[in-house]
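Novice: I am attaching a structure below and will ask some questions about it afterwards.
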Amino acid sequence: MLKFTIQKKLEGTLARAGVIETAHGEIKTPAFVVVGTKATVKALTAEQIRSLEAQVVLANTYHLYLQPGEGIVEKAGGFGPFMDWHGPTMTDSGGFQAFSLGAAFGNSVSKIATGNEVSDKSATVGQLAKVTDEGVMFKSHLDGSKHLFTPESSMEIQWKLGADMIFAFDECTSPTAPYEYQKKSLARTYEWAKRCLARHEQLDPEKKQSLFGVVQGGRFQELREEAARSMGALAATADFPEGFDGYGIGGSFTKEDIGTAVGWVNALLPEDKPRHLLGIGEPLDLFNAVEAGCDLFDCIAPTRMARHGTLHTSAGRLNIRNAKFVDQFVPIEEGCTCYTCTHHTRAYLAHLFRGDEMTGATLASIHNLHFILRLVENIRESLFDDTFHQYKKDFLEGYYKK
RNA sequence: GCGUCGGUGGUAGAGCGGUCAAUUACAACAGACUGUAAAUCUGUCGCCUUCGGGCUACGAAGGUUCAAAUCCUUCCCGGCGCA
């Protein structure tokens, strides 16, 4: 079961601060959810995740289904115990892989649109996912074997993976998809949402897991609003009296949409349920999304960028592989309280990255996650203090200055 | 000393008469990354450039040829074998 309490709202915005109570502890929101796709936050031990004071970890249905298989994870007691993480957990449904292994595969298309994408997909090659009304047919990226995911099978797998919060199986569409496709896909995602609710209630009558519905609709206001209304309304139908326990906001956006389209959605979603903005995690986007009414965020960016040598500082990003860092015997960021900055220098990190030493990925991941986790905590504090707008302004000026 | 094999861009190592400023890998120098196909991917990587091109380069110096990193001669340097 999940209980969500809103403790503070920021006047004139959709922003709110609150707390989610799960069977494995509480989550103070807004909160950044650490991504541990394959039941591991890449490069980190569970002890390190705890040290970072992360509140919740999200794993992925598609990945754990393929390897080691949901049966193994179930025997371990769920993905949390499997990886020695005993706090709150979430699993994504596999819906994102409809995009990343489908339209995006082999293309330089990101879920964050720049506007320069090519909309003609006729030349796409090598796609590993195909969407039909029944579900999504995947070709495993590991061995090429074929697998069908349906709303029902996603619920079944997520049940075995055992997270506190799970997502309905949706189709994450490409930013290059035209209106007609987005509309058709949205109708399908809605049908899938109902199938997820039905299967979930069969599997979990005691409601041990909380199910989040996912709002899609691409970049079209009409579709986004329709999605928010229809997903929200599922809570009031006779078939599903309890409806969803929360909402995910998924799909493609532009940077600007995060301040606008997300707000359209949140203005219509039931206010008393948590809202999770799927796959967003850059500083500017986090500020905008909180302001637009989101409570939870997960993102691979802090850890992936860390592994690739890009580190967050309050003065912007730096690439630790750059030549200028090889003899800088100072922390990544002066004053940062993370383990990496309190023990190691830029020069050491630069050396580890140049030598392709695994410890470099670990230390960089600790720093970036610490940075983002503390950022979202600070944003939360600023909501209580009514200093959000000033904090946002000050932070962004420092981070994005030239 | 004789014989033999070899000396190519930061490194290793292709090339063996024109399509070679020279395959490839690594290194180097930058960039990208937003529900993880990702410890990944992209670009640059002799000098100059009005981006058309120009110039200097494959141990050194000569030579053959319309044309040489590629063939010949001598020299220098290194490995190996025999004295």
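Starting from 1 in every chain, residues are counted up; chains themselves are A, B, ... following the order of the structure tokens, and ligands are numbered from 1 as listed.
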For range 306-308 of chain A, list every protein, DNA or RNA residue within 10 Å, evaluated using only C-alpha atoms (C1' of nucleotides), and leave out those in the same chain fewer than 3 positions away; present the list as a ChimeraX atom specification.

Specialist: /A:42-43,300-303,311-312,319-321,353,358-369 /B:33,38-40

Novice: May I have a table of the residues of chain A lying at most 7 Å from chain B, giving each one's closest pair of atoms and their distance in Å to one decimal, counting only C-alpha atoms (C1' of nucleotides), ordered by chain and ascending residue number, as CSV?

Specialist:
residue,atom,partner,partner_atom,distance
A:Thr37,CA,B:U36,C1',6.6
A:Asp92,CA,B:G35,C1',6.4
A:Phe96,CA,B:G35,C1',5.9
A:Leu101,CA,B:A37,C1',6.9
A:Ile112,CA,B:U34,C1',6.7
A:His141,CA,B:A37,C1',5.5
A:Leu278,CA,B:G35,C1',4.5
A:Gly279,CA,B:G35,C1',4.3
A:Ile280,CA,B:U34,C1',4.8
A:Gly281,CA,B:U34,C1',5.7
A:Glu282,CA,B:U34,C1',6.5
A:Asp298,CA,B:G35,C1',6.8
A:Cys299,CA,B:U34,C1',6.2
A:Ile300,CA,B:U36,C1',6.3
A:Ala301,CA,B:U34,C1',5.8
A:Met305,CA,B:C33,C1',6.5
A:Arg307,CA,B:A39,C1',6.0
A:Met358,CA,B:A39,C1',6.9
A:Ala361,CA,B:A39,C1',6.9

Novice: Write out as a CSV table (one decimal) with N, CA and C atoms, in the first residue's frame all residues of range 25-106 of chain A that backbone DSSP assigns to strand (DSSP E).

Specialist:
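Saved file selection-v5.csv follows:
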chain,number,residue,atom,x,y,z
A,25,GLY,N,9.5,2.0,3.6
A,25,GLY,CA,10.0,3.3,4.1
A,25,GLY,C,9.3,4.4,3.3
A,26,GLU,N,9.6,5.6,3.8
A,26,GLU,CA,9.0,6.7,3.1
A,26,GLU,C,9.9,7.4,2.2
A,27,ILE,N,9.3,8.2,1.3
A,27,ILE,CA,10.0,9.0,0.3
A,27,ILE,C,9.5,10.4,0.4
A,28,LYS,N,10.5,11.3,0.7
A,28,LYS,CA,10.1,12.7,0.8
A,28,LYS,C,10.2,13.3,-0.6
A,29,THR,N,9.1,13.9,-1.0
A,29,THR,CA,9.0,14.4,-2.4
A,29,THR,C,9.0,15.9,-2.4
A,31,ALA,N,11.3,13.9,-5.2
A,31,ALA,CA,12.5,13.0,-4.9
A,31,ALA,C,13.0,12.5,-6.3
A,32,PHE,N,14.3,12.3,-6.3
A,32,PHE,CA,15.0,11.7,-7.4
A,32,PHE,C,15.1,10.3,-7.2
A,33,VAL,N,14.6,9.5,-8.1
A,33,VAL,CA,14.7,8.0,-8.1
A,33,VAL,C,16.0,7.5,-8.8
A,34,VAL,N,16.8,6.8,-8.1
A,34,VAL,CA,18.0,6.3,-8.7
A,34,VAL,C,17.7,5.1,-9.6
A,35,VAL,N,18.3,5.1,-10.8
A,35,VAL,CA,18.0,4.0,-11.7
A,35,VAL,C,19.0,2.8,-11.5
A,57,VAL,N,14.9,3.1,-5.5
A,57,VAL,CA,15.6,2.6,-6.7
A,57,VAL,C,14.6,2.0,-7.6
A,58,LEU,N,14.8,2.3,-8.9
A,58,LEU,CA,14.0,1.8,-10.0
A,58,LEU,C,14.7,0.8,-10.9
A,59,ALA,N,14.1,-0.4,-11.1
A,59,ALA,CA,14.7,-1.4,-12.0
A,59,ALA,C,13.8,-1.6,-13.2
A,60,ASN,N,14.2,-2.4,-14.1
A,60,ASN,CA,13.5,-2.5,-15.4
A,60,ASN,C,13.0,-3.9,-15.7
A,89,THR,N,11.1,0.7,-3.6
A,89,THR,CA,11.5,0.3,-5.0
A,89,THR,C,10.4,0.5,-6.0
A,90,MET,N,10.9,0.6,-7.3
A,90,MET,CA,9.9,0.8,-8.4
A,90,MET,C,10.4,-0.1,-9.5
A,91,THR,N,9.5,-0.5,-10.4
A,91,THR,CA,10.0,-1.1,-11.7
A,91,THR,C,9.3,-0.4,-12.8
A,92,ASP,N,10.0,-0.2,-13.9
A,92,ASP,CA,9.4,0.3,-15.1
A,92,ASP,C,8.8,-0.9,-15.8

Novice: Please identify which residues in range 220-340 of chain A DSSP calls alpha helix (DSSP H) from the backbone, and express them as a PyMOL selection string.

Specialist: chain A and resi 221-233+257-268+283-291+301-307+339-340

Novice: Check the smallest atom-to-atom distance from each of B:A68, B:A83, B:A27, B:A60 to G7 in chain B using only C-alpha atoms (C1' of nucleotides), then report the winner.

Specialist: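 Nearest candidate to G7 in chain B out of B:A68, B:A83, B:A27, B:A60: B:A60.
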
Novice: Would you kindly return, as a JSON list (two decimals) with C-alpha atoms, in the first residue's frame, each protein, DNA or RNA residue with an atom no farther than 8 Å from any atom of Ala39 in chain A, considering only C-alpha atoms (C1' of nucleotides) and excluding same-chain residues fewer than 4 positions away?

Specialist:
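Dumped everything to selection-v3.json:
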[["chain", "number", "residue", "atom", "x", "y", "z"],
["A", 59, "ALA", "CA", 14.67, -1.38, -11.97],
["A", 60, "ASN", "CA", 13.46, -2.48, -15.38],
["A", 64, "LEU", "CA", 15.34, -8.45, -15.57],
["A", 79, "PHE", "CA", 14.82, -7.17, -6.92],
["A", 80, "GLY", "CA", 15.37, -5.10, -3.79],
["A", 82, "PHE", "CA", 18.33, -9.48, -4.57],
["A", 83, "MET", "CA", 20.58, -6.43, -4.78]]

Novice: Using only C-alpha atoms, find the one residue out of A:Phe388, A:Phe329, A:Phe167, A:Phe244 that sits nearest to His344 in chain A.

Specialist: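 The shortest atom-to-atom distance to His344 in chain A comes from A:Phe329.
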
Novice: Using only C-alpha atoms, which of A:Asp143, A:Asp385, A:Asp327, A:Asp84 sits nearest Val41 in chain A?

Specialist: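 For Val41 in chain A, the nearest of the given residues is A:Asp84.
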
Novice: Which neighbours of range 248-252 of chain A fall inside 7 Å, counting only C-alpha atoms (C1' of nucleotides), when residues of the same chain fewer than 3 positions from it are skipped, and could you give them as a list in words?

Specialist: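 So the residues in contact are Lys111, Ile112, Ala113, Cys172, Thr173, Ser174, Pro175, Phe212, Gly213, Val214, Val215, Gln216, Gly218, Arg219, Arg275, His276, Leu277 and Leu278 of chain A.
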
Novice: Could you save the residues just selected, with C-alpha atoms, as a compact mmCIF listing (two decimals), in the first residue's frame?

Specialist:
# COMPACT_ATOMS: atom_id res chain seq x y z
CA LYS A 111 13.11 11.15 -26.06
CA ILE A 112 14.04 14.78 -25.58
CA ALA A 113 13.40 16.25 -28.99
CA CYS A 172 6.62 5.34 -25.26
CA THR A 173 6.34 7.09 -28.60
CA SER A 174 9.03 8.79 -30.62
CA PRO A 175 9.16 12.57 -30.92
CA PHE A 212 0.99 3.95 -11.69
CA GLY A 213 -0.78 4.71 -14.94
CA VAL A 214 1.25 6.40 -17.66
CA VAL A 215 0.17 9.56 -19.45
CA GLN A 216 1.32 9.80 -23.06
CA GLY A 218 3.50 13.20 -27.43
CA ARG A 219 3.88 16.93 -27.78
CA ARG A 275 3.18 12.03 -10.25
CA HIS A 276 6.35 10.59 -11.63
CA LEU A 277 8.01 12.25 -14.60
CA LEU A 278 9.65 9.35 -16.36

Novice: Would you mind listing what lies within 8 Å of range 194-201 of chain A as a PyMOL selection string, with only C-alpha atoms (C1' of nucleotides) counted and same-chain residues fewer than 5 positions away left out?

Specialist: chain A and resi 151-152+155-156+168-169+207+211+234+240+243-244

Novice: Could you dump the residues just selected with N, CA and C atoms as a PDB file, in the first residue's frame?

Specialist:
ATOM      1  N   PRO A 151       0.306  -6.054 -21.780  1.00  0.00           N
ATOM      2  CA  PRO A 151      -0.001  -5.414 -20.491  1.00  0.00           C
ATOM      3  C   PRO A 151      -0.075  -6.463 -19.383  1.00  0.00           C
ATOM      4  N   GLU A 152      -0.689  -7.600 -19.697  1.00  0.00           N
ATOM      5  CA  GLU A 152      -0.827  -8.644 -18.685  1.00  0.00           C
ATOM      6  C   GLU A 152       0.535  -9.225 -18.279  1.00  0.00           C
ATOM      7  N   MET A 155       2.517  -6.924 -16.083  1.00  0.00           N
ATOM      8  CA  MET A 155       2.031  -6.949 -14.687  1.00  0.00           C
ATOM      9  C   MET A 155       2.536  -8.198 -13.969  1.00  0.00           C
ATOM     10  N   GLU A 156       2.517  -9.316 -14.690  1.00  0.00           N
ATOM     11  CA  GLU A 156       2.949 -10.574 -14.077  1.00  0.00           C
ATOM     12  C   GLU A 156       4.435 -10.543 -13.740  1.00  0.00           C
ATOM     13  N   ALA A 168       2.167   0.893 -15.327  1.00  0.00           N
ATOM     14  CA  ALA A 168       1.352   0.254 -16.356  1.00  0.00           C
ATOM     15  C   ALA A 168       2.178   0.169 -17.639  1.00  0.00           C
ATOM     16  N   PHE A 169       1.885  -0.838 -18.427  1.00  0.00           N
ATOM     17  CA  PHE A 169       2.606  -1.026 -19.684  1.00  0.00           C
ATOM     18  C   PHE A 169       2.058  -0.039 -20.707  1.00  0.00           C
ATOM     19  N   LYS A 207      -3.265  -5.485  -2.716  1.00  0.00           N
ATOM     20  CA  LYS A 207      -2.626  -4.214  -3.086  1.00  0.00           C
ATOM     21  C   LYS A 207      -1.275  -4.011  -2.401  1.00  0.00           C
ATOM     22  N   LEU A 211       0.141   0.654  -8.366  1.00  0.00           N
ATOM     23  CA  LEU A 211       0.242   0.733  -9.825  1.00  0.00           C
ATOM     24  C   LEU A 211       0.061   2.163 -10.314  1.00  0.00           C
ATOM     25  N   LEU A 234      -9.955   6.866 -14.711  1.00  0.00           N
ATOM     26  CA  LEU A 234     -10.004   5.428 -14.434  1.00  0.00           C
ATOM     27  C   LEU A 234     -10.155   5.155 -12.940  1.00  0.00           C
ATOM     28  N   PHE A 240     -12.945  -0.227 -11.936  1.00  0.00           N
ATOM     29  CA  PHE A 240     -11.690  -0.007 -11.199  1.00  0.00           C
ATOM     30  C   PHE A 240     -11.904   1.081 -10.146  1.00  0.00           C
ATOM     31  N   GLY A 243      -8.720   2.602  -9.077  1.00  0.00           N
ATOM     32  CA  GLY A 243      -7.911   3.198 -10.136  1.00  0.00           C
ATOM     33  C   GLY A 243      -6.430   3.077  -9.870  1.00  0.00           C
ATOM     34  N   PHE A 244      -5.727   4.036 -10.371  1.00  0.00           N
ATOM     35  CA  PHE A 244      -4.276   4.021 -10.207  1.00  0.00           C
ATOM     36  C   PHE A 244      -3.869   4.658  -8.889  1.00  0.00           C
TER      37      PHE A 244
END

Novice: In Å, with one decimal, what is the gap from CA of Glu291 in chain A to CA of Arg304 in chain A?

Specialist: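 Separating CA of Glu291 in chain A from CA of Arg304 in chain A is a distance of 25.7 Å.
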
Novice: Give me, as a ChimeraX atom specification, all polymer residues having an atom no more than 12 Å from range 8-23 of chain B, counting only C-alpha atoms (C1' of nucleotides) and skipping those fewer than 5 positions away in the same chain.

Specialist: /B:28,45-47,55-59,64-71

Novice: Keeping only C-alpha atoms (C1' of nucleotides), write those residues as a tab-separated table (two decimals), in the first residue's frame.

Specialist:
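Written file, result_7.tsv:
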chain	number	residue	atom	x	y	z
B	28	A	C1'	46.08	12.15	-27.98
B	45	C	C1'	44.25	13.79	-35.40
B	46	G	C1'	51.70	16.37	-41.05
B	47	C	C1'	51.91	22.05	-42.04
B	55	C	C1'	53.49	22.57	-49.47
B	56	U	C1'	56.65	19.03	-46.88
B	57	A	C1'	56.85	13.81	-45.86
B	58	C	C1'	57.57	6.69	-45.33
B	59	G	C1'	66.31	6.16	-42.05
B	64	U	C1'	65.81	4.61	-62.88
B	65	U	C1'	60.75	6.21	-64.46
B	66	C	C1'	55.87	10.34	-67.38
B	67	A	C1'	55.15	8.71	-62.02
B	68	A	C1'	58.72	6.00	-56.16
B	69	A	C1'	56.87	4.72	-49.24
B	70	U	C1'	57.06	0.98	-53.13
B	71	C	C1'	62.64	-0.53	-58.09

Novice: Write out as a PyMOL selection string the residues lying within 10 Å of Gly316 in chain A, counting only C-alpha atoms (C1' of nucleotides) and excluding same-chain residues fewer than 2 positions away.

Specialist: chain A and resi 283+311-314+318+395-402
